[in-house]
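The structure appears right after this line, and notes come after that.
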Amino acid sequence: MWKRDLQECNQRIAPFIHKTPVLTSRLINQVAGAEVYFKCENFQRMGAYKIRGATFAILRLSDKQRAGGVVTHSSGNFAQALSLAARSLGINAYIVMPETAPKVKKDAVLQYGGKITECEPTLSARNAMAQKIQRDKGATFIHPSNDMDVIIGQGTVGMELLKEQPGLQHIFSPVGGGGLIAGTALAAHYFGKNCRVIGGEPYEADDAFRSLQSGKIEGNETTNTIADGLKTVLGDKNFPIIREYADRIIRVTEADIVQAMRLIWERMKIIAEPSAAVALAAALREKETFAGKKIGIIISGGNVDLSQLPF
């Protein structure tokens, strides 16, 4: 079922997304002691992989549902992704954002055609406002990470990477809401050759690591991390997939994230946001384990506030 969904998704979203490059760095190979292939979703439309899942989720709607538009709550990349995907497909996107969301993010959503409704910066307020828009506009709610069509859409990142580098032994993905790692784990299961998927997660927002240990979804005890895209928690749709198909999660420090981010910027000459650097940080954290291996790293996005660089 999921294999067929991934293949259908890959075909259907192709006209609306970029097929992003896979890059290498001889120096980073030396630092890691491994053969490293970077899947660069920082070159994706709107600067992150999330346009994939947003596009597929809209494509799966009926004509009646599309007429009512779509709604989500997000202060980050998914708000921009759903806005752009909706504009590309000619429907309305209603975006619930907390009042405290940075102006630069609100401006980006507006530029992509999203219609913003602000609310108090609490999850309950976000949910309540999204439900109100559903009732008032007839819009369909699309969750940023806990939606099966979104998860399948994000899985096309791993599919493309494995098609280009079929011999990968490991793929590293950052872990926030769980959509990317769940989709990547499905892609590796169906299209890899004994390829294991490993998540990277900050110590300061390690809900997924603890959830895999306890066997149930845990909340974040802290979110004091520069990887602002990874502060969200897992959902009931992606967590079972992660438990079954992902290998494990490696936690990293804030210093690890900054070091990995600097390596990508300085050595590869490309922009990666802190959340994206977490995947490389995880590989370097246990580099002895992966020495001599062929590994993939998903650079999930490059949307950086240049006034808030950690170096």
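Numbering starts fresh at 1 for the residues of each chain in the structure tokens, the chains themselves are lettered A, B, ... in the order given, and ligands are numbered from 1 as they appear.
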
Practice problem: Show which residues sit within 7 Å of range 91-102 of chain A, as a PyMOL selection string. Count only C-alpha atoms, and ignore same-chain residues fewer than 6 positions away. | Solution: chain A and resi 66-67+69-75+79+82-83+114-121+126+129-130

Quiz item: With distances taken over only C-alpha atoms, which of A:Lys105, A:His143, A:Arg285, A:Lys237 is nearest to Ala57 in chain A?
Solution: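 Ranked by minimum distance to Ala57 in chain A, first place goes to A:His143.
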
Quiz item: Which residues come within 9 Å of range 185-196 of chain A, counting only C-alpha atoms, excluding same-chain residues fewer than 2 positions away, as a VMD selection string?
Solution: chain A and resid 2 to 3 6 152 155 to 159 162 to 163 166 to 172 180 to 183 198 241 to 242 244 to 248

Taking N, CA and C atoms for each residue, export the selection above as an mmCIF file, in the first residue's frame.
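Full text of again06.cif as output:
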data_model
loop_
_atom_site.group_PDB
_atom_site.id
_atom_site.type_symbol
_atom_site.label_atom_id
_atom_site.label_comp_id
_atom_site.auth_asym_id
_atom_site.auth_seq_id
_atom_site.Cartn_x
_atom_site.Cartn_y
_atom_site.Cartn_z
ATOM 1 N N TRP A 2 1.753 1.352 0.995
ATOM 2 C CA TRP A 2 2.589 2.553 1.103
ATOM 3 C C TRP A 2 3.579 2.651 -0.049
ATOM 4 N N LYS A 3 4.069 1.511 -0.527
ATOM 5 C CA LYS A 3 4.988 1.536 -1.667
ATOM 6 C C LYS A 3 4.289 2.145 -2.884
ATOM 7 N N LEU A 6 3.824 5.883 -2.394
ATOM 8 C CA LEU A 6 5.066 6.616 -2.623
ATOM 9 C C LEU A 6 5.323 6.793 -4.117
ATOM 10 N N ILE A 152 3.829 10.615 3.258
ATOM 11 C CA ILE A 152 4.186 10.004 1.969
ATOM 12 C C ILE A 152 4.917 11.028 1.096
ATOM 13 N N GLY A 155 8.373 11.408 2.071
ATOM 14 C CA GLY A 155 9.150 10.213 1.747
ATOM 15 C C GLY A 155 9.807 10.259 0.378
ATOM 16 N N THR A 156 9.328 11.148 -0.490
ATOM 17 C CA THR A 156 9.943 11.233 -1.824
ATOM 18 C C THR A 156 11.357 11.803 -1.767
ATOM 19 N N VAL A 157 11.713 12.481 -0.686
ATOM 20 C CA VAL A 157 13.108 12.933 -0.513
ATOM 21 C C VAL A 157 14.026 11.717 -0.514
ATOM 22 N N GLY A 158 13.700 10.748 0.343
ATOM 23 C CA GLY A 158 14.505 9.532 0.439
ATOM 24 C C GLY A 158 14.468 8.716 -0.838
ATOM 25 N N MET A 159 13.310 8.672 -1.500
ATOM 26 C CA MET A 159 13.207 7.947 -2.771
ATOM 27 C C MET A 159 14.182 8.485 -3.802
ATOM 28 N N LEU A 162 17.808 7.638 -2.823
ATOM 29 C CA LEU A 162 18.152 6.225 -3.038
ATOM 30 C C LEU A 162 18.212 5.869 -4.523
ATOM 31 N N LYS A 163 17.431 6.565 -5.341
ATOM 32 C CA LYS A 163 17.502 6.314 -6.782
ATOM 33 C C LYS A 163 18.862 6.742 -7.324
ATOM 34 N N PRO A 166 21.854 4.171 -4.785
ATOM 35 C CA PRO A 166 21.142 2.980 -4.289
ATOM 36 C C PRO A 166 21.913 2.166 -3.256
ATOM 37 N N GLY A 167 23.209 2.400 -3.137
ATOM 38 C CA GLY A 167 24.001 1.609 -2.191
ATOM 39 C C GLY A 167 24.120 2.189 -0.801
ATOM 40 N N LEU A 168 23.330 3.211 -0.479
ATOM 41 C CA LEU A 168 23.430 3.823 0.843
ATOM 42 C C LEU A 168 23.124 2.809 1.948
ATOM 43 N N GLN A 169 23.958 2.846 2.997
ATOM 44 C CA GLN A 169 23.747 1.939 4.135
ATOM 45 C C GLN A 169 22.948 2.608 5.261
ATOM 46 N N HIS A 170 23.043 3.934 5.325
ATOM 47 C CA HIS A 170 22.301 4.696 6.338
ATOM 48 C C HIS A 170 21.835 6.011 5.727
ATOM 49 N N ILE A 171 20.654 6.472 6.146
ATOM 50 C CA ILE A 171 20.210 7.828 5.841
ATOM 51 C C ILE A 171 19.894 8.520 7.161
ATOM 52 N N PHE A 172 20.446 9.719 7.325
ATOM 53 C CA PHE A 172 20.215 10.520 8.532
ATOM 54 C C PHE A 172 19.195 11.611 8.229
ATOM 55 N N LEU A 180 9.139 13.807 8.301
ATOM 56 C CA LEU A 180 10.265 13.521 7.404
ATOM 57 C C LEU A 180 10.904 12.178 7.714
ATOM 58 N N ILE A 181 11.175 11.909 8.987
ATOM 59 C CA ILE A 181 11.836 10.633 9.303
ATOM 60 C C ILE A 181 10.902 9.458 9.026
ATOM 61 N N ALA A 182 9.593 9.623 9.251
ATOM 62 C CA ALA A 182 8.652 8.541 8.952
ATOM 63 C C ALA A 182 8.618 8.262 7.458
ATOM 64 N N GLY A 183 8.523 9.313 6.650
ATOM 65 C CA GLY A 183 8.520 9.140 5.199
ATOM 66 C C GLY A 183 9.821 8.558 4.692
ATOM 67 N N ILE A 198 18.304 6.785 10.445
ATOM 68 C CA ILE A 198 18.659 7.244 11.784
ATOM 69 C C ILE A 198 18.251 8.701 11.937
ATOM 70 N N ILE A 241 5.036 4.368 12.581
ATOM 71 C CA ILE A 241 5.924 4.130 11.433
ATOM 72 C C ILE A 241 7.377 4.258 11.872
ATOM 73 N N ILE A 242 7.669 5.285 12.661
ATOM 74 C CA ILE A 242 9.031 5.495 13.148
ATOM 75 C C ILE A 242 9.474 4.309 14.011
ATOM 76 N N GLU A 244 8.479 1.246 13.866
ATOM 77 C CA GLU A 244 8.656 0.005 13.109
ATOM 78 C C GLU A 244 9.787 0.082 12.092
ATOM 79 N N TYR A 245 9.961 1.223 11.441
ATOM 80 C CA TYR A 245 10.855 1.275 10.286
ATOM 81 C C TYR A 245 12.135 2.086 10.480
ATOM 82 N N ALA A 246 12.178 2.995 11.455
ATOM 83 C CA ALA A 246 13.431 3.733 11.703
ATOM 84 C C ALA A 246 14.320 2.913 12.629
ATOM 85 N N ASP A 247 15.622 3.106 12.507
ATOM 86 C CA ASP A 247 16.566 2.303 13.279
ATOM 87 C C ASP A 247 16.710 2.830 14.703
ATOM 88 N N ARG A 248 17.079 4.094 14.823
ATOM 89 C CA ARG A 248 17.234 4.715 16.146
ATOM 90 C C ARG A 248 17.407 6.209 15.991
#

Report as a short mmCIF file (atom, residue, chain, number, x, y, z; two decimals) with N, CA and C atoms, in the first residue's frame all protein, DNA and RNA residues lying within 9 Å of range 298-308 of chain A, evaluated on only C-alpha atoms, omitting residues in the same chain fewer than 4 positions from it.
data_model
loop_
_atom_site.label_atom_id
_atom_site.label_comp_id
_atom_site.auth_asym_id
_atom_site.auth_seq_id
_atom_site.Cartn_x
_atom_site.Cartn_y
_atom_site.Cartn_z
N TYR A 37 26.71 11.61 1.31
CA TYR A 37 25.93 12.19 0.20
C TYR A 37 24.82 13.05 0.78
N PHE A 38 24.84 14.34 0.44
CA PHE A 38 23.88 15.29 0.98
C PHE A 38 22.72 15.51 0.01
N LYS A 39 21.51 15.19 0.44
CA LYS A 39 20.31 15.48 -0.35
C LYS A 39 19.86 16.88 0.03
N CYS A 40 19.99 17.82 -0.92
CA CYS A 40 19.93 19.25 -0.59
C CYS A 40 18.53 19.84 -0.79
N GLU A 41 17.65 19.63 0.19
CA GLU A 41 16.31 20.20 0.13
C GLU A 41 16.30 21.69 0.48
N ASN A 42 17.46 22.24 0.81
CA ASN A 42 17.58 23.70 0.94
C ASN A 42 17.44 24.38 -0.43
N PHE A 43 17.56 23.60 -1.51
CA PHE A 43 17.34 24.12 -2.87
C PHE A 43 15.91 23.88 -3.36
N GLN A 44 15.07 23.35 -2.48
CA GLN A 44 13.68 23.07 -2.83
C GLN A 44 12.88 24.35 -2.92
N MET A 46 10.41 27.14 -1.88
CA MET A 46 10.23 27.75 -0.55
C MET A 46 11.32 27.34 0.44
N GLY A 47 12.38 26.71 -0.05
CA GLY A 47 13.58 26.50 0.77
C GLY A 47 13.56 25.31 1.71
N ALA A 48 12.59 24.39 1.55
CA ALA A 48 12.55 23.23 2.44
C ALA A 48 11.73 22.11 1.83
N TYR A 49 11.95 20.90 2.33
CA TYR A 49 11.29 19.69 1.83
C TYR A 49 9.77 19.72 1.99
N LYS A 50 9.23 20.58 2.83
CA LYS A 50 7.82 20.48 3.22
C LYS A 50 6.85 20.77 2.08
N ASN A 77 8.10 26.46 8.43
CA ASN A 77 8.21 26.12 7.02
C ASN A 77 6.91 25.57 6.43
N VAL A 104 9.35 38.05 9.65
CA VAL A 104 9.93 37.53 8.41
C VAL A 104 9.15 36.29 7.94
N VAL A 157 11.71 12.48 -0.69
CA VAL A 157 13.11 12.93 -0.51
C VAL A 157 14.03 11.72 -0.51
N GLY A 158 13.70 10.75 0.34
CA GLY A 158 14.51 9.53 0.44
C GLY A 158 14.47 8.72 -0.84
N LEU A 161 16.88 10.27 -3.27
CA LEU A 161 18.26 10.04 -2.82
C LEU A 161 18.68 8.61 -3.12
N ILE A 171 20.65 6.47 6.15
CA ILE A 171 20.21 7.83 5.84
C ILE A 171 19.89 8.52 7.16
N PHE A 172 20.45 9.72 7.32
CA PHE A 172 20.21 10.52 8.53
C PHE A 172 19.19 11.61 8.23
N SER A 173 18.20 11.71 9.10
CA SER A 173 17.15 12.72 8.96
C SER A 173 16.98 13.46 10.27
N PRO A 174 16.76 14.80 10.23
CA PRO A 174 16.40 15.49 11.47
C PRO A 174 15.01 15.04 11.92
N LEU A 180 9.14 13.81 8.30
CA LEU A 180 10.27 13.52 7.40
C LEU A 180 10.90 12.18 7.71
N ILE A 270 27.01 26.26 0.93
CA ILE A 270 25.55 26.33 0.81
C ILE A 270 24.96 26.66 2.18
N ILE A 271 23.72 27.15 2.17
CA ILE A 271 23.04 27.55 3.41
C ILE A 271 22.17 26.41 3.92
N ALA A 272 22.39 26.04 5.17
CA ALA A 272 21.53 25.06 5.84
C ALA A 272 21.06 25.68 7.14
N GLU A 273 19.79 25.51 7.46
CA GLU A 273 19.28 26.03 8.73
C GLU A 273 19.72 25.10 9.86
N PRO A 274 19.67 25.58 11.11
CA PRO A 274 20.13 24.74 12.23
C PRO A 274 19.44 23.38 12.29
N SER A 275 18.13 23.35 12.05
CA SER A 275 17.41 22.07 12.10
C SER A 275 17.98 21.08 11.09
N ALA A 276 18.38 21.58 9.92
CA ALA A 276 18.93 20.72 8.88
C ALA A 276 20.31 20.19 9.27
N ALA A 277 21.09 21.01 9.97
CA ALA A 277 22.44 20.61 10.36
C ALA A 277 22.44 19.49 11.40
N VAL A 278 21.31 19.29 12.06
CA VAL A 278 21.21 18.26 13.10
C VAL A 278 21.49 16.86 12.53
N ALA A 279 21.11 16.61 11.28
CA ALA A 279 21.33 15.30 10.67
C ALA A 279 22.83 15.01 10.54
N LEU A 280 23.60 15.99 10.05
CA LEU A 280 25.05 15.81 9.96
C LEU A 280 25.65 15.72 11.36
#

Self-check item: alpha helix (DSSP H) residues, from DSSP on the backbone, in range 21-214 of chain A, as number ranges by chain
Solution: A: 26-32, 50-59, 63-68, 77-88, 103-111, 123-137, 148-164, 179-191, 207-214

Practice problem: Could you tell me, as a list in words, which residues of range 150-291 of chain A DSSP assigns to strand (DSSP E) when given the backbone? | Solution: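 Selecting the strand (DSSP E) positions of range 150-291 of chain A gives His170, Ile171, Phe172, Ser173, Pro174, Arg196, Val197, Ile198, Gly199, Gly200, Glu201, Pro202, Arg248, Ile249, Ile250, Arg251 and Val252 of chain A.
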